[in-house]
>>> print(open('protein-v4.txt').read())   # compact mmCIF, C-alpha atoms
# COMPACT_ATOMS: atom_id res chain seq x y z
CA MET L 1 -26.24 -2.75 8.98
CA SER L 2 -24.40 -5.19 6.71
CA ARG L 3 -20.62 -5.26 6.85
CA CYS L 4 -19.04 -2.82 4.41
CA ALA L 5 -16.89 -5.51 2.74
CA THR L 6 -19.92 -7.73 2.18
CA VAL L 7 -21.88 -4.92 0.53
CA SER L 8 -18.94 -3.84 -1.65
CA ARG L 9 -18.40 -7.38 -2.86
CA SER L 10 -22.10 -7.91 -3.56
CA LEU L 11 -22.14 -4.74 -5.68
CA ASP L 12 -19.00 -5.88 -7.53
CA GLU L 13 -17.32 -2.57 -6.78
CA PRO L 14 -14.01 -2.40 -8.73
CA VAL L 15 -10.83 -2.34 -6.66
CA SER L 16 -8.57 -0.77 -9.29
CA GLY L 17 -7.47 2.78 -8.48
CA THR L 18 -8.22 2.59 -4.75
CA ALA L 19 -4.79 2.12 -3.11
CA ALA L 20 -3.61 4.48 -0.38
CA LEU L 21 -1.23 7.16 -1.65
CA ALA L 22 2.40 7.12 -0.50
CA THR L 23 5.70 7.40 -2.27
CA THR L 24 7.41 6.04 0.86
CA TRP L 25 6.09 3.82 3.65
CA LEU L 26 7.54 4.04 7.16
CA LEU L 27 6.61 1.11 9.41
CA LEU L 28 7.24 0.85 13.15
CA GLU L 29 6.65 -2.29 15.19
CA GLN L 30 4.19 -1.65 18.01
CA PRO L 31 2.59 -4.71 19.66
CA GLY L 32 -0.49 -4.56 21.80
CA PRO L 33 -3.87 -2.96 21.10
CA TRP L 34 -4.37 -0.30 18.44
CA GLY L 35 -6.99 2.43 18.42
CA ALA L 36 -8.68 3.90 15.36
CA LYS L 37 -5.87 6.45 15.02
CA ALA L 38 -3.11 4.11 16.04
CA LEU L 39 -0.18 6.53 16.11
CA THR L 40 -1.86 8.33 19.00
CA SER L 41 -3.96 5.49 20.45
CA SER L 42 -1.65 2.57 21.13
CA HIS L 43 1.18 1.88 23.55
CA LEU L 44 3.30 4.26 21.49
CA ASP L 45 3.77 7.58 23.29
CA PRO L 46 0.94 9.73 21.86
CA ALA L 47 3.16 12.81 21.90
CA LEU L 48 5.63 10.93 19.71
CA GLY L 49 2.80 9.80 17.48
CA ARG L 50 1.60 13.37 16.98
CA ALA L 51 5.15 14.54 16.26
CA LEU L 52 5.62 11.82 13.65
CA GLU L 53 2.31 12.70 12.01
CA ALA L 54 3.34 16.35 11.82
CA ALA L 55 6.79 15.50 10.45
CA ALA L 56 5.36 13.30 7.69
CA GLU L 57 2.56 15.64 6.60
CA GLY L 58 2.88 16.68 2.97
CA THR L 59 6.08 14.69 2.36
CA GLY L 60 4.65 11.63 0.62
CA VAL L 61 5.65 9.46 3.60
CA ARG L 62 2.89 7.36 5.14
CA ILE L 63 3.51 6.01 8.65
CA ALA L 64 1.87 2.84 9.95
CA LEU L 65 2.32 0.57 12.94
CA ILE L 66 2.93 -3.14 12.47
CA ARG L 67 2.85 -6.17 14.71
CA ARG L 68 3.51 -9.87 14.28
CA PRO L 69 0.45 -12.00 13.49
CA GLY L 70 -1.07 -14.14 16.19
CA ARG L 71 -2.97 -13.73 19.40
CA HIS L 72 -2.77 -10.24 20.79
CA ALA L 73 -2.41 -10.69 24.50
CA ASP L 74 -0.73 -7.47 25.59
CA PRO L 75 3.00 -8.29 25.88
CA GLY L 76 4.07 -4.79 26.85
CA THR L 77 6.77 -2.77 25.15
CA PRO L 78 9.39 -4.89 23.37
CA PRO L 79 13.07 -4.12 24.03
CA MET L 80 13.79 -3.91 20.29
CA ARG L 81 11.40 -2.79 17.59
CA GLN L 82 11.55 -3.52 13.89
CA VAL L 83 11.45 -0.52 11.54
CA TYR L 84 11.08 -0.56 7.76
CA ALA L 85 11.16 2.17 5.14
CA ALA L 86 10.15 1.46 1.55
CA HIS L 87 10.19 3.79 -1.45
CA THR L 88 7.71 2.67 -4.10
CA VAL L 89 8.30 4.88 -7.18
CA PRO L 90 9.08 2.49 -10.07
CA GLY L 91 12.70 2.63 -11.19
CA ARG L 92 13.80 3.87 -7.75
CA VAL L 93 12.29 1.21 -5.48
CA TRP L 94 14.08 0.27 -2.26
CA LEU L 95 13.31 -1.38 1.06
CA HIS L 96 15.53 -0.75 4.10
CA SER L 97 15.22 -2.10 7.63
CA ALA L 98 16.51 -1.31 11.10
CA THR L 99 15.86 -2.11 14.74
CA THR L 100 15.69 0.40 17.57
CA ARG L 101 15.21 0.45 21.33
CA ASP L 102 13.95 4.02 21.21
CA PRO L 103 11.27 4.91 18.63
CA ARG L 104 11.97 8.61 19.28
CA ARG L 105 14.94 8.15 16.97
CA LEU L 106 12.48 8.25 14.10
CA LEU L 107 12.18 12.00 14.67
CA GLY L 108 15.75 12.26 13.37
CA LEU L 109 14.60 11.20 9.91
CA ASP L 110 14.48 13.68 7.05
CA PHE L 111 10.90 13.02 5.99
CA GLY L 112 11.05 15.30 2.98
CA ALA L 113 14.05 13.41 1.64
CA LEU L 114 12.48 10.03 2.41
CA GLY L 115 9.43 11.00 0.41
CA THR L 116 11.58 11.72 -2.65
CA GLY L 117 13.46 8.43 -2.32
CA ASP L 118 16.58 9.53 -0.44
CA HIS L 119 17.27 6.88 2.21
CA ARG L 120 20.41 8.40 3.72
CA SER L 121 18.71 9.73 6.85
CA PHE L 122 17.26 6.27 7.52
CA GLY L 123 20.80 4.97 7.72
CA ALA L 124 22.08 7.91 9.74
CA ALA L 125 19.24 8.08 12.28
CA LEU L 126 18.54 4.37 12.71
CA ASP L 127 21.63 2.58 11.35
CA GLY L 128 19.29 1.24 8.68
CA LEU L 129 20.54 -0.99 5.87
CA PRO L 130 19.05 -2.46 2.69
CA HIS L 131 16.63 -5.24 3.57
CA ARG L 132 18.08 -8.56 2.43
CA GLY L 133 15.23 -10.76 3.62
CA ASP L 134 11.90 -11.69 2.12
CA PRO L 135 9.44 -9.19 0.65
CA LEU L 136 6.77 -7.97 3.05
CA ALA L 137 3.04 -8.62 3.07
CA LEU L 138 1.18 -6.19 5.34
CA VAL L 139 -2.35 -7.29 6.21
CA CYS L 140 -4.70 -4.68 7.68
CA THR L 141 -6.24 -6.05 10.89
CA ASN L 142 -7.20 -2.99 12.95
CA SER L 143 -10.64 -3.72 14.38
CA LYS L 144 -10.93 -0.26 15.91
CA ARG L 145 -10.56 1.25 12.45
CA ASP L 146 -13.05 -1.15 10.88
CA ARG L 147 -14.37 -4.50 12.02
CA CYS L 148 -14.07 -5.99 8.52
CA CYS L 149 -10.30 -5.58 8.71
CA ALA L 150 -10.21 -7.72 11.85
CA LEU L 151 -12.85 -10.26 10.87
CA LEU L 152 -11.34 -10.86 7.44
CA GLY L 153 -7.74 -9.68 7.79
CA ARG L 154 -6.70 -11.60 10.89
CA PRO L 155 -7.69 -15.02 9.52
CA LEU L 156 -5.78 -14.24 6.32
CA ALA L 157 -2.62 -13.25 8.23
CA THR L 158 -2.94 -16.38 10.38
CA GLU L 159 -3.38 -18.61 7.34
CA LEU L 160 -0.35 -17.12 5.59
CA VAL L 161 1.88 -17.61 8.63
CA ALA L 162 0.56 -21.13 9.26
CA SER L 163 1.42 -22.10 5.69
CA GLY L 164 5.00 -20.91 6.13
CA VAL L 165 4.86 -17.60 4.26
CA PRO L 166 7.66 -15.31 5.56
CA GLY L 167 7.49 -11.54 5.79
CA VAL L 168 3.86 -11.31 6.96
CA TRP L 169 2.91 -8.49 9.36
CA GLU L 170 -0.34 -7.02 10.61
CA VAL L 171 -0.68 -3.30 9.89
CA THR L 172 -2.84 -0.53 11.30
CA HIS L 173 -4.37 1.03 8.19
CA LEU L 174 -4.23 0.69 4.41
CA GLY L 175 -7.46 2.48 3.52
CA GLY L 176 -10.41 0.94 1.70
CA HIS L 177 -11.96 -1.06 4.56
CA ARG L 178 -14.73 -2.20 2.23
CA PHE L 179 -12.17 -4.16 0.21
CA ALA L 180 -11.06 -6.21 3.22
CA PRO L 181 -8.94 -8.21 3.51
CA THR L 182 -6.54 -5.55 2.24
CA VAL L 183 -2.83 -6.24 1.79
CA LEU L 184 0.18 -4.13 0.83
CA VAL L 185 3.20 -5.85 -0.71
CA LEU L 186 6.60 -4.23 -0.36
CA PRO L 187 8.97 -3.12 -1.76
CA TYR L 188 6.98 -2.43 -4.95
CA GLY L 189 4.04 -0.90 -3.09
CA TYR L 190 1.14 -2.64 -4.81
CA ALA L 191 -2.00 -3.05 -2.72
CA TYR L 192 -4.57 -5.83 -3.03
CA GLY L 193 -8.23 -5.98 -2.12
CA ARG L 194 -10.51 -8.90 -1.22
CA ALA L 195 -7.24 -10.74 -0.94
CA GLU L 196 -7.01 -14.49 -0.63
CA ALA L 197 -3.98 -16.45 0.50
CA HIS L 198 -3.14 -17.73 -2.98
CA THR L 199 -3.10 -14.17 -4.37
CA VAL L 200 -0.79 -12.92 -1.63
CA LYS L 201 1.54 -15.87 -2.09
CA GLU L 202 1.65 -15.27 -5.84
CA ALA L 203 2.26 -11.53 -5.33
CA LEU L 204 5.19 -12.27 -3.00
CA HIS L 205 6.55 -14.83 -5.46
CA GLY L 206 6.20 -12.18 -8.16
CA VAL L 207 8.33 -9.75 -6.17
CA ARG L 208 11.11 -12.31 -6.04
CA GLU L 209 10.87 -12.66 -9.83
CA GLY L 210 10.57 -8.91 -10.46
CA ARG L 211 6.98 -8.95 -11.68
CA VAL L 212 3.61 -7.56 -10.62
CA VAL L 213 0.47 -9.65 -10.06
CA VAL L 214 -2.60 -7.77 -11.28
CA GLU L 215 -5.27 -10.13 -9.90
CA GLY L 216 -7.12 -8.23 -7.19
CA CYS L 217 -4.67 -5.33 -7.43
CA ARG L 218 -5.83 -1.94 -6.17
CA GLY L 219 -2.81 -0.10 -7.61
CA CYS L 220 0.67 1.14 -6.81
CA SER L 221 0.78 3.62 -3.93
CA ALA L 222 3.28 5.82 -5.77
CA TRP L 223 0.60 7.07 -8.20
CA ASP L 224 -2.61 9.03 -7.73
CA ARG L 225 -5.78 7.04 -8.19
CA PRO L 226 -6.36 7.71 -11.90
CA GLY L 227 -2.69 6.80 -12.43
CA GLN L 228 -3.13 3.56 -10.49
CA ALA L 229 -6.05 2.51 -12.67
CA ALA L 230 -4.27 3.57 -15.86
CA GLU L 231 -1.06 1.67 -15.08
CA LEU L 232 -2.95 -1.54 -14.30
CA ALA L 233 -4.97 -1.17 -17.51
CA VAL L 234 -1.78 -0.83 -19.57
CA ARG L 235 -0.29 -3.89 -17.86
CA SER L 236 -3.33 -5.93 -18.83
CA ALA L 237 -3.58 -4.54 -22.38
CA ALA L 238 0.13 -4.93 -23.15
CA ARG L 239 0.58 -8.09 -21.07
CA GLU L 240 3.48 -6.36 -19.38
CA TYR L 241 3.92 -7.65 -15.84
CA ARG L 242 7.56 -6.80 -15.17
CA ALA L 243 8.02 -4.51 -12.19
CA GLY L 244 9.61 -1.10 -12.56
CA VAL L 245 9.12 -0.68 -16.31
CA LEU L 246 5.94 1.46 -16.33
CA SER L 247 5.62 5.01 -15.03
CA VAL L 248 2.76 7.48 -14.89
CA VAL L 249 4.27 10.60 -16.44
CA ARG L 250 1.29 12.91 -16.93
CA THR L 251 -2.33 13.31 -15.84
CA GLU L 252 -4.47 15.93 -17.56
CA GLY L 253 -8.08 17.01 -17.85
CA PRO L 254 -10.95 17.50 -15.43
CA ALA L 255 -11.44 15.17 -12.48
CA ALA L 256 -14.42 13.49 -14.15
CA ARG L 257 -12.38 12.42 -17.20
CA ARG L 258 -8.62 12.17 -16.80
CA GLU L 259 -6.18 11.58 -19.64
CA VAL L 260 -3.25 9.67 -18.17
CA THR L 261 0.02 9.09 -20.01
CA VAL L 262 1.84 5.89 -19.06
CA ALA L 263 5.42 5.40 -20.25
CA HIS L 264 7.45 2.21 -20.66
CA ALA L 265 11.17 2.08 -19.99
CA ASP L 266 11.67 1.01 -23.63
CA GLY L 267 10.11 4.25 -24.93
CA ARG L 268 6.54 3.13 -25.62
CA ARG L 269 3.71 5.33 -24.36
CA TRP L 270 -0.01 4.93 -23.83
CA ARG L 271 -2.83 7.42 -23.34
CA VAL L 272 -5.45 6.08 -20.94
CA THR L 273 -8.82 7.71 -20.42
CA VAL L 274 -10.04 7.26 -16.85
CA ALA L 275 -13.53 8.36 -15.85
CA GLN L 276 -14.04 9.20 -12.19
CA GLY L 277 -17.57 8.76 -10.95
CA ALA L 278 -19.52 7.92 -7.84
CA SER L 279 -20.15 4.34 -6.80
CA LEU L 280 -23.90 3.77 -6.78
CA PRO L 281 -26.12 2.91 -5.07
CA PRO L 282 -24.92 4.47 -1.80
CA ARG L 283 -23.19 2.00 0.45
CA PRO L 284 -21.27 1.93 3.75
CA GLU L 285 -17.71 3.08 3.11
CA SER L 286 -16.76 1.58 6.45
CA CYS L 287 -18.61 -0.36 9.12
CA GLY L 288 -18.40 2.58 11.51
CA ALA L 289 -19.78 5.16 9.09
CA ALA L 290 -22.93 6.90 10.35
CA VAL L 291 -24.28 7.49 6.83
CA LEU L 292 -24.05 5.75 3.49
CA GLY L 293 -21.55 7.12 0.97
CA THR L 294 -20.81 7.13 -2.75
CA PRO L 295 -17.04 6.57 -2.90
CA ALA L 296 -15.19 7.57 -6.06
CA ARG L 297 -14.54 4.84 -8.60
CA MET L 298 -12.08 4.82 -11.49
CA ASP L 299 -13.34 3.34 -14.76
CA VAL L 300 -10.90 2.94 -17.64
CA ILE L 301 -12.68 4.01 -20.83
CA ASP L 302 -9.90 3.65 -23.38
CA VAL L 303 -6.27 2.55 -23.69
CA ARG L 304 -4.42 3.86 -26.76
CA GLU L 305 -0.80 3.14 -27.59
CA LEU L 306 0.90 6.31 -28.82
CA GLY L 307 4.02 4.72 -30.19
CA ARG L 308 7.61 4.84 -29.12
CA THR L 309 9.59 7.90 -28.07
CA ALA L 310 13.35 8.17 -28.25
CA LEU L 311 15.07 6.90 -25.13
CA ALA L 312 17.24 9.34 -23.22
CA SER L 313 20.92 8.80 -23.83
>>> encode(input="protein-v4.txt", output="structure tokens")
Amino acid sequence: MSRCATVSRSLDEPVSGTAALATTWLLLEQPGPWGAKALTSSHLDPALGRALEAAAEGTGVRIALIRRPGRHADPGTPPMRQVYAAHTVPGRVWLHSATTRDPRRLLGLDFGALGTGDHRSFGAALDGLPHRGDPLALVCTNSKRDRCCALLGRPLATELVASGVPGVWEVTHLGGHRFAPTVLVLPYGYAYGRAEAHTVKEALHGVREGRVVVEGCRGCSAWDRPGQAAELAVRSAAREYRAGVLSVVRTEGPAARREVTVAHADGRRWRVTVAQGASLPPRPESCGAAVLGTPARMDVIDVRELGRTALAS
């Protein structure tokens, strides 16, 4: 069977509206091999992994393991592990970092609060502080999850590091294997598909300038998938690339035809019609899938500016 990323590219499947959903990302450094479900199939204590999964369920927090790019000879457990937490809702974005000798300290986090953007437990449980370094580029490379992520993601991560790009990590899972290489850029939480080095570099440069790169963008993880597609469509239509100025404030209508309201910080609003359909013909959604699938796709039908509403005082 052909690789899922090759088939998706050949069918010109759109990437918009396909980012993984998370209001907050929690990232824990874990070198060594990763299994398909890395929180419970790596050198991390599987009991801890299960406890973290249970704690995060339904909170909007998505947990992933990260490791530094390069060859993956098993180095054993590091004495200190890097931890990041990033909240991605526009207007309330933050990225905090910490190090810990004991990953069990993550169980002291208030996951419900983290999901809503409250970072206080990250500071209390892990002595975490605002991240003052470079923005992060997380490249999915987990071969046990999907071989396309390893075959396409690892060379991308290696190229970025070799060219001197800081803040690059390998990550266990970002969803959408068929769009490999897939990359998540933090703190803003925009994901990219079929990513090339120049796009990632430009996206990271954009973070430093407070803007969003829409080339190859799958969407912002803070929004549901119709909202992701709608926000990107408004950015393109209005030529508005500043970060943090657009919010998805309402999604109405049946799943097949969503009406999404996107608001600007200056009071402007847009109504975006997003049709959700099946991607045809059937194709492999991942290289390990036993049967072909018809993944949902988001097609923007119309973008209408509604005018300006009064700003809150």
>>> closest_atom_pairs(input="protein-v4.txt", of="range 131-178 of chain L", to="range 206-229 of chain L", cutoff="12 Å", atoms="all atoms listed in the file", output="CSV")
residue,atom,partner,partner_atom,distance
L:Arg132,CA,L:Arg208,CA,11.6
L:Gly133,CA,L:Arg208,CA,10.6
L:Asp134,CA,L:Arg208,CA,8.2
L:Pro135,CA,L:Val207,CA,6.9
L:Leu136,CA,L:Val207,CA,9.5
L:Ala137,CA,L:Val207,CA,10.7
L:Leu174,CA,L:Ser221,CA,10.2
L:Gly175,CA,L:Arg218,CA,10.8
L:Gly176,CA,L:Arg218,CA,9.6
>>> residues_around(input="protein-v4.txt", residues="Leu152 in chain L", least_positions_apart="5", cutoff="9 Å", atoms="only C-alpha atoms", output="PDB file with C-alpha atoms, in the coordinates of the input")
ATOM      1  CA  THR L 141      -6.240  -6.050  10.890  1.00  0.00           C
ATOM      2  CA  ARG L 147     -14.370  -4.500  12.020  1.00  0.00           C
ATOM      3  CA  ALA L 180     -11.060  -6.210   3.220  1.00  0.00           C
ATOM      4  CA  PRO L 181      -8.940  -8.210   3.510  1.00  0.00           C
ATOM      5  CA  THR L 182      -6.540  -5.550   2.240  1.00  0.00           C
ATOM      6  CA  ARG L 194     -10.510  -8.900  -1.220  1.00  0.00           C
TER       7      ARG L 194
END
>>> closest_atom_pairs(input="protein-v4.txt", of="range 118-236 of chain L", to="range 103-110 of chain L", cutoff="12 Å", atoms="only C-alpha atoms", output="tab-separated table")
residue	atom	partner	partner_atom	distance
L:Asp118	CA	L:Asp110	CA	8.8
L:His119	CA	L:Asp110	CA	8.8
L:Arg120	CA	L:Asp110	CA	8.6
L:Ser121	CA	L:Leu109	CA	5.3
L:Phe122	CA	L:Leu109	CA	6.1
L:Gly123	CA	L:Leu109	CA	9.1
L:Ala124	CA	L:Leu109	CA	8.2
L:Ala125	CA	L:Gly108	CA	5.6
L:Leu126	CA	L:Arg105	CA	6.7
L:Asp127	CA	L:Arg105	CA	10.4
L:Gly128	CA	L:Leu109	CA	11.1
>>> closest_residue(input="protein-v4.txt", among="L:Thr172, L:Thr273, L:Asn142, L:Ser279", to="Leu11 in chain L", atoms="all atoms listed in the file")
L:Ser279
>>> residues_around(input="protein-v4.txt", residues="Val89 in chain L", least_positions_apart="5", cutoff="10 Å", atoms="all atoms listed in the file", output="ChimeraX atom specification")
/L:22-24,94,115-117,187-189,220-223,244,247-248
>>> residues_around(input="protein-v4.txt", residues="Ala157 in chain L", least_positions_apart="4", cutoff="10 Å", atoms="all atoms listed in the file", output="PyMOL selection string")
chain L and resi 68-70+137-141+152-153+161-162+165+168-170+181+183+196-197
>>> closest_residue(input="protein-v4.txt", among="L:Lys37, L:Arg235, L:Arg3, L:Arg101", to="Phe179 in chain L", atoms="only C-alpha atoms")
L:Arg3
>>> closest_residue(input="protein-v4.txt", among="L:Ala85, L:Leu129, L:Cys149, L:Leu232", to="Val262 in chain L", atoms="all atoms listed in the file")
L:Leu232
>>> atom_distance(input="protein-v4.txt", atom1="CA of Glu259 in chain L", atom2="CA of Gln276 in chain L")
11.1 Å
>>> atom_distance(input="protein-v4.txt", atom1="CA of Glu252 in chain L", atom2="CA of Leu21 in chain L")
18.5 Å
>>> residues_near_point(input="protein-v4.txt", point="(-1.7, 15.3, -17.3)", cutoff="6 Å", atoms="all atoms listed in the file", output="VMD selection string")
chain L and resid 250 to 252 260
>>> closest_residue(input="protein-v4.txt", among="L:Thr199, L:Thr6, L:Thr100, L:Gln30", to="Cys148 in chain L", atoms="all atoms listed in the file")
L:Thr6
>>> atom_distance(input="protein-v4.txt", atom1="CA of Leu44 in chain L", atom2="CA of Pro79 in chain L")
13.1 Å
>>> closest_residue(input="protein-v4.txt", among="L:His177, L:Arg50, L:Arg71, L:Arg92", to="Ala20 in chain L", atoms="all atoms listed in the file")
L:His177
>>> residues_near_point(input="protein-v4.txt", point="(6.3, -0.4, 24.7)", cutoff="9 Å", atoms="all atoms listed in the file", output="number ranges by chain")
L: 30-32, 43-45, 75-79
>>> closest_residue(input="protein-v4.txt", among="L:Ala36, L:Ala98, L:Ala55, L:Ala255", to="Ala296 in chain L", atoms="all atoms listed in the file")
L:Ala255
